[in-house]
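Colleague: mmCIF, C-alpha atoms, file coords.cif:
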data_coords
loop_
_atom_site.group_PDB
_atom_site.id
_atom_site.type_symbol
_atom_site.label_atom_id
_atom_site.label_comp_id
_atom_site.auth_asym_id
_atom_site.auth_seq_id
_atom_site.Cartn_x
_atom_site.Cartn_y
_atom_site.Cartn_z
ATOM 1 C CA MET R 1 137.503 57.524 134.605
ATOM 2 C CA LYS R 2 139.597 59.579 132.223
ATOM 3 C CA ILE R 3 140.922 62.632 134.090
ATOM 4 C CA SER R 4 142.235 64.170 130.847
ATOM 5 C CA LYS R 5 138.720 64.189 129.343
ATOM 6 C CA LEU R 6 137.218 65.482 132.585
ATOM 7 C CA LYS R 7 139.792 68.275 132.551
ATOM 8 C CA LYS R 8 138.715 69.135 129.000
ATOM 9 C CA ILE R 9 135.063 69.413 130.072
ATOM 10 C CA CYS R 10 135.972 71.686 132.996
ATOM 11 C CA SER R 11 138.195 73.756 130.729
ATOM 12 C CA LYS R 12 135.234 74.393 128.411
ATOM 13 C CA ALA R 13 133.164 75.406 131.449
ATOM 14 C CA ALA R 14 135.200 78.610 131.902
ATOM 15 C CA LYS R 15 138.038 76.642 133.525
ATOM 16 C CA THR R 16 135.911 75.893 136.562
ATOM 17 C CA ILE R 17 136.118 72.723 138.665
ATOM 18 C CA SER R 18 132.940 72.048 140.622
ATOM 19 C CA TYR R 19 133.228 69.584 143.482
ATOM 20 C CA PHE R 20 131.868 68.165 146.729
ATOM 21 C CA TYR R 21 132.900 65.382 149.082
ATOM 22 C CA ASN R 22 130.542 62.582 150.141
ATOM 23 C CA GLU R 23 131.691 61.245 153.508
ATOM 24 C CA ASN R 24 129.208 58.342 153.364
ATOM 25 C CA ASP R 25 131.298 56.495 150.785
ATOM 26 C CA ASN R 26 134.525 58.549 150.801
ATOM 27 C CA SER R 27 133.972 59.825 147.287
ATOM 28 C CA LEU R 28 135.246 63.072 145.842
ATOM 29 C CA TRP R 29 132.847 64.354 143.187
ATOM 30 C CA ILE R 30 134.393 66.600 140.569
ATOM 31 C CA GLY R 31 133.267 67.984 137.255
ATOM 32 C CA SER R 32 131.860 70.974 135.454
ATOM 33 C CA GLY R 33 128.600 72.638 136.409
ATOM 34 C CA SER R 34 126.737 70.281 134.065
ATOM 35 C CA ALA R 35 128.417 66.914 134.664
ATOM 36 C CA ILE R 36 129.987 65.531 137.829
ATOM 37 C CA TYR R 37 131.748 62.239 138.519
ATOM 38 C CA PRO R 38 132.777 60.370 141.674
ATOM 39 C CA LEU R 39 136.313 59.352 142.534
ATOM 40 C CA TYR R 40 135.901 56.647 145.172
ATOM 41 C CA GLY R 41 138.269 56.124 148.093
ATOM 42 C CA MET R 42 139.713 59.609 147.785
ATOM 43 C CA PRO R 43 140.680 61.965 150.593
ATOM 44 C CA ASN R 44 138.652 65.131 151.013
ATOM 45 C CA MET R 45 140.425 67.490 148.634
ATOM 46 C CA ASN R 46 138.929 70.822 149.574
ATOM 47 C CA THR R 47 141.581 73.274 148.444
ATOM 48 C CA SER R 48 142.164 74.687 144.986
ATOM 49 C CA GLU R 49 145.800 73.623 145.154
ATOM 50 C CA GLN R 50 144.886 69.960 145.694
ATOM 51 C CA LEU R 51 142.286 69.917 142.910
ATOM 52 C CA LEU R 52 144.496 71.720 140.412
ATOM 53 C CA THR R 53 147.308 69.289 141.206
ATOM 54 C CA LEU R 54 144.917 66.386 140.550
ATOM 55 C CA PHE R 55 144.119 67.953 137.169
ATOM 56 C CA ASP R 56 147.824 68.506 136.486
ATOM 57 C CA ILE R 57 147.347 72.233 135.847
ATOM 58 C CA ASN R 58 150.624 74.071 135.228
ATOM 59 C CA GLU R 59 151.670 76.623 137.832
ATOM 60 C CA SER R 60 151.616 79.324 135.180
ATOM 61 C CA ASP R 61 147.982 78.572 134.278
ATOM 62 C CA ARG R 62 146.534 78.084 137.772
ATOM 63 C CA GLU R 63 145.450 81.706 138.160
ATOM 64 C CA ASN R 64 143.075 81.189 135.201
ATOM 65 C CA TRP R 65 141.261 78.324 136.937
ATOM 66 C CA ARG R 66 138.801 78.403 139.798
ATOM 67 C CA CYS R 67 137.433 75.685 142.081
ATOM 68 C CA LYS R 68 133.873 75.922 143.322
ATOM 69 C CA GLN R 69 132.362 73.745 146.038
ATOM 70 C CA LEU R 70 128.751 72.897 145.207
ATOM 71 C CA PRO R 71 126.126 74.120 147.683
ATOM 72 C CA PRO R 72 124.792 71.508 150.153
ATOM 73 C CA ALA R 73 121.343 71.647 148.502
ATOM 74 C CA ILE R 74 122.752 70.522 145.137
ATOM 75 C CA GLU R 75 124.917 67.877 146.796
ATOM 76 C CA SER R 76 121.943 66.400 148.673
ATOM 77 C CA SER R 77 119.799 66.513 145.510
ATOM 78 C CA ILE R 78 122.426 64.489 143.620
ATOM 79 C CA VAL R 79 122.793 61.946 146.440
ATOM 80 C CA MET R 80 118.993 61.588 146.849
ATOM 81 C CA ASN R 81 118.435 61.160 143.111
ATOM 82 C CA ILE R 82 121.097 58.450 142.930
ATOM 83 C CA ALA R 83 119.356 56.596 145.752
ATOM 84 C CA SER R 84 116.038 56.749 143.903
ATOM 85 C CA CYS R 85 117.240 54.981 140.732
ATOM 86 C CA THR R 86 114.747 52.223 139.901
ATOM 87 C CA THR R 87 114.028 50.146 136.802
ATOM 88 C CA GLY R 88 111.037 52.387 136.089
ATOM 89 C CA LYS R 89 113.404 55.317 135.606
ATOM 90 C CA MET R 90 115.755 53.586 133.163
ATOM 91 C CA ILE R 91 116.280 55.210 129.768
ATOM 92 C CA ASP R 92 117.995 54.069 126.571
ATOM 93 C CA ARG R 93 121.038 55.584 124.916
ATOM 94 C CA ARG R 94 120.067 56.283 121.320
ATOM 95 C CA SER R 95 121.513 58.257 118.423
ATOM 96 C CA THR R 96 124.245 60.856 118.279
ATOM 97 C CA PHE R 97 123.840 64.071 116.302
ATOM 98 C CA VAL R 98 125.891 67.174 115.594
ATOM 99 C CA ALA R 99 124.652 70.697 116.270
ATOM 100 C CA THR R 100 126.702 73.903 116.342
ATOM 101 C CA LEU R 101 129.861 71.853 115.746
ATOM 102 C CA SER R 102 129.361 69.733 118.900
ATOM 103 C CA GLU R 103 128.229 66.124 119.240
ATOM 104 C CA TYR R 104 125.202 65.346 121.393
ATOM 105 C CA GLN R 105 123.802 62.068 122.672
ATOM 106 C CA ILE R 106 120.072 61.379 122.672
ATOM 107 C CA PHE R 107 118.473 59.313 125.445
ATOM 108 C CA SER R 108 114.853 58.261 125.477
ATOM 109 C CA GLY R 109 112.512 57.038 128.169
ATOM 110 C CA THR R 110 108.830 56.241 127.956
ATOM 111 C CA LYS R 111 107.734 59.856 128.196
ATOM 112 C CA LYS R 112 110.713 62.071 127.468
ATOM 113 C CA VAL R 113 113.789 62.568 125.317
ATOM 114 C CA HIS R 114 117.007 63.778 126.974
ATOM 115 C CA ILE R 115 120.025 65.374 125.301
ATOM 116 C CA CYS R 116 123.539 65.857 126.667
ATOM 117 C CA PRO R 117 126.968 66.474 125.133
ATOM 118 C CA LYS R 118 128.634 63.245 124.032
ATOM 119 C CA ALA R 119 131.849 64.472 125.695
ATOM 120 C CA PHE R 120 130.173 63.936 129.092
ATOM 121 C CA LEU R 121 130.020 60.197 128.376
ATOM 122 C CA GLU R 122 133.555 59.947 127.021
ATOM 123 C CA VAL R 123 134.864 60.519 130.567
ATOM 124 C CA ILE R 124 133.443 57.109 131.576
ATOM 125 C CA ASP R 125 133.343 55.194 128.290
ATOM 126 C CA ASP R 126 135.834 52.579 129.503
ATOM 127 C CA TYR R 127 132.920 50.584 130.976
ATOM 128 C CA GLU R 128 131.194 48.246 128.536
ATOM 129 C CA ILE R 129 127.789 47.798 130.183
ATOM 130 C CA LEU R 130 126.193 50.989 131.418
ATOM 131 C CA THR R 131 122.695 51.720 132.678
ATOM 132 C CA TYR R 132 121.106 55.154 132.403
ATOM 133 C CA TYR R 133 118.411 56.621 134.640
ATOM 134 C CA SER R 134 116.348 59.764 134.198
ATOM 135 C CA ILE R 135 115.467 61.741 137.320
ATOM 136 C CA ASP R 136 114.271 65.314 136.901
ATOM 137 C CA ASP R 137 116.759 66.893 134.449
ATOM 138 C CA MET R 138 119.559 64.540 135.514
ATOM 139 C CA ILE R 139 120.895 61.496 133.702
ATOM 140 C CA ILE R 140 122.498 59.131 136.204
ATOM 141 C CA VAL R 141 124.997 56.657 134.745
ATOM 142 C CA LYS R 142 125.730 53.376 136.523
ATOM 143 C CA ALA R 143 127.729 50.212 135.968
ATOM 144 C CA GLY R 144 125.800 47.680 138.022
ATOM 145 C CA LEU R 145 125.323 49.311 141.441
ATOM 146 C CA LEU R 146 128.299 51.641 140.991
ATOM 147 C CA THR R 147 127.434 55.230 140.093
ATOM 148 C CA LEU R 148 129.830 56.624 137.489
ATOM 149 C CA GLY R 149 128.417 60.071 136.849
ATOM 150 C CA VAL R 150 125.516 62.500 136.997
ATOM 151 C CA LEU R 151 124.894 64.474 133.815
ATOM 152 C CA CYS R 152 122.547 67.412 133.454
ATOM 153 C CA GLU R 153 120.309 67.559 130.440
ATOM 154 C CA THR R 154 121.277 70.222 127.894
ATOM 155 C CA HIS R 155 118.602 72.698 126.837
ATOM 156 C CA GLY R 156 118.398 74.926 123.773
ATOM 157 C CA VAL R 157 120.221 72.554 121.403
ATOM 158 C CA VAL R 158 117.177 71.570 119.356
ATOM 159 C CA THR R 159 116.311 74.499 117.100
ATOM 160 C CA GLN R 160 113.934 74.799 114.178
ATOM 161 C CA GLU R 161 116.944 74.835 111.861
ATOM 162 C CA LEU R 162 118.158 71.533 113.336
ATOM 163 C CA LEU R 163 114.685 69.991 112.991
ATOM 164 C CA ASN R 164 114.545 71.131 109.341
ATOM 165 C CA ASP R 165 117.945 69.501 108.717
ATOM 166 C CA ILE R 166 116.837 66.260 110.387
ATOM 167 C CA ASN R 167 113.568 66.168 108.423
ATOM 168 C CA SER R 168 115.431 66.777 105.166
ATOM 169 C CA MET R 169 117.948 64.071 106.052
ATOM 170 C CA HIS R 170 115.109 61.707 106.951
ATOM 171 C CA ASP R 171 113.569 62.136 103.496
ATOM 172 C CA MET R 172 116.910 61.461 101.774
ATOM 173 C CA LEU R 173 117.616 58.416 103.954
ATOM 174 C CA GLN R 174 114.123 57.082 103.221
ATOM 175 C CA GLU R 175 114.918 57.253 99.513
ATOM 176 C CA VAL R 176 118.176 55.341 100.057
ATOM 177 C CA PHE R 177 116.363 52.727 102.149
ATOM 178 C CA ASN R 178 113.601 52.298 99.538
ATOM 179 C CA ARG R 179 116.157 51.976 96.732
ATOM 180 C CA GLU R 180 118.126 49.325 98.653
ATOM 181 C CA CYS R 181 114.917 47.391 99.368
ATOM 182 C CA GLU R 182 114.040 47.440 95.662
ATOM 183 C CA GLU R 183 117.516 46.186 94.745
ATOM 184 C CA LYS R 184 117.239 43.344 97.286
ATOM 185 C CA ASP R 185 113.836 42.384 95.882
ATOM 186 C CA LYS R 186 115.225 42.346 92.322
ATOM 187 C CA SER R 187 118.173 40.258 93.441
ATOM 188 C CA ARG R 188 115.844 37.745 95.117
ATOM 189 C CA ASN R 189 113.669 37.551 92.017
ATOM 190 C CA TYR R 190 116.740 36.853 89.841
ATOM 191 C CA GLU R 191 117.846 34.117 92.229
ATOM 192 C CA GLN R 192 114.400 32.501 92.182
ATOM 193 C CA LEU R 193 114.294 32.647 88.379
ATOM 194 C CA ALA R 194 117.738 31.063 88.162
ATOM 195 C CA MET R 195 116.626 28.217 90.457
ATOM 196 C CA THR R 196 113.514 27.470 88.422
ATOM 197 C CA GLU R 197 115.340 27.313 85.104
#
Any chance you could give the structure as structure tokens?

Modeller:
Amino acid sequence: MKISKLKKICSKAAKTISYFYNENDNSLWIGSGSAIYPLYGMPNMNTSEQLLTLFDINESDRENWRCKQLPPAIESSIVMNIASCTTGKMIDRRSTFVATLSEYQIFSGTKKVHICPKAFLEVIDDYEILTYYSIDDMIIVKAGLLTLGVLCETHGVVTQELLNDINSMHDMLQEVFNRECEEKDKSRNYEQLAMTE
């Protein structure tokens, strides 16, 4: 996990660190309100001073930050959803797109498309093989059996303006694709003619 990138996410979330401690596996979960990640084998850091030290926040800036322990209901929901990850809930990581100057990652399952900020994945992108699960509005990221993060789906990103841009881009890309196919066909025809001569 990249603490510097996690710090950046929390900084964008009004400089708020959300956290809870899972005593079952001695993991400290920290993140923003929309993405949270486990640090395994950590002591129970339950004071602002400890968390701000972990994030290497300067003394002069600490008054601008706040630490918020997640309610037990949210904690238990996260833990229960992680336990219910099955192959039937796996989703695929698909394309990236830009909207309102931010990059978003698209995930798709059999019945639904999910969207979350690409920055949420950059915190844990040092793992090569990741598996993604969709449960409710959560995207659970695992490497094998190890849970690396729980990301909340982002709403309100897809607007009519964005859809218009995508449709326009689709039409232009279709033209490029068709042109390249025609050029390949011509090239093949020339090669076949050269072989028959």

Colleague: Per residue of range 19-71 of chain R within 9 Å of range 119-139 of chain R, which atom pair is closest and at what distance in Å (one decimal), using all atoms listed in the file, listed by chain and increasing number, as CSV?

Modeller:
residue,atom,partner,partner_atom,distance
R:Ser34,CA,R:Phe120,CA,8.8
R:Ala35,CA,R:Phe120,CA,6.6
R:Ile36,CA,R:Phe120,CA,8.9
R:Tyr37,CA,R:Val123,CA,8.7

Colleague: Using all atoms listed in the file and a cutoff of 6 Å, can you tell me which residues are near (138.9, 59.3, 150.2) in the file's coordinates, and write them out as a count of residues only?

Modeller: 6

Colleague: Looking at R:Ser4, R:Leu101, R:Ser76, R:Asn24, which one is nearest to Ile57 in chain R, with distances taken over all atoms listed in the file?

Modeller: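 Nearest candidate to Ile57 in chain R out of R:Ser4, R:Leu101, R:Ser76, R:Asn24: R:Ser4.
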
Colleague: Considering only C-alpha atoms, state which residue in the set R:Ser11, R:Thr100, R:Thr53, R:Asn58 is at the smallest distance from Gly31 in chain R.

Modeller: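 Under the stated criterion, the closest residue is R:Ser11.
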
Colleague: Select, from R:Lys142, R:Arg62, R:Lys112, R:Lys118, the residue with the minimum atom-to-atom distance to Ile82 in chain R, counting all atoms listed in the file.

Modeller: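 Closest to Ile82 in chain R, using all atoms listed in the file: R:Lys142.
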
Colleague: Would you compute an axis-aligned box for range 20-24 of chain R, covering every atom listed for it in the file with 6 Å of margin on each side, and report centre and edge lengths in Å to one decimal as AutoDock Vina command-line options?

Modeller:
--center_x 131.1 --center_y 63.3 --center_z 150.1 --size_x 15.7 --size_y 21.8 --size_z 18.8

Colleague: From the options R:Ile106, R:Leu39, R:Leu173, R:Val150, which residue's atoms come nearest to Ile91 in chain R, counting only C-alpha atoms?

Modeller: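 For Ile91 in chain R, the nearest of the candidates is R:Ile106.
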
Colleague: Run the PyMOL selection byres ((chain R and resi 111) around 12) mentally over the shown coordinates, then write out the matched residues as a ChimeraX atom specification, using the chain letters and numbers from the document.

Modeller: /R:88-92,107-110,112-114,134

Colleague: Could you work out how far CA of Ile78 in chain R lies from CA of Leu151 in chain R, giving the answer in Å with one decimal?

Modeller: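 Answer for the CA of Leu151 in chain R to CA of Ile78 in chain R separation: 10.1 Å.
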
Colleague: Taking all atoms listed in the file into account, which of R:Ser102, R:Asn189, R:Asn64, R:Gln160 comes nearest Leu52 in chain R?

Modeller: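 When distances to Leu52 in chain R are compared using all atoms listed in the file, the smallest one comes from R:Asn64.
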
Colleague: Quick one: everything within 8 Å of Thr154 in chain R, counting all atoms listed in the file, minus sequence neighbours fewer than 6 positions away in the same chain. Send it as a list in words.

Modeller: His114, Ile115, Cys116 and Pro117 of chain R

Colleague: The PyMOL selection byres ((chain R and resi 19) around 6) - which residues does that actually catch in the file I just gave you? List them as a list in words.

Modeller: Ser18, Phe20, Trp29, Ile30, Gln69 and Leu70 of chain R

Colleague: What is the distance, in Å and to one decimal place, between CA of Ile74 in chain R and CA of Cys152 in chain R?

Modeller: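 Spanning CA of Ile74 in chain R to CA of Cys152 in chain R is a straight-line distance of 12.1 Å.
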
Colleague: May I ask for the distance between CA of Glu103 in chain R and CA of Thr159 in chain R, given in Å to one decimal place?

Modeller: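 CA of Glu103 in chain R sits 14.7 Å away from CA of Thr159 in chain R.
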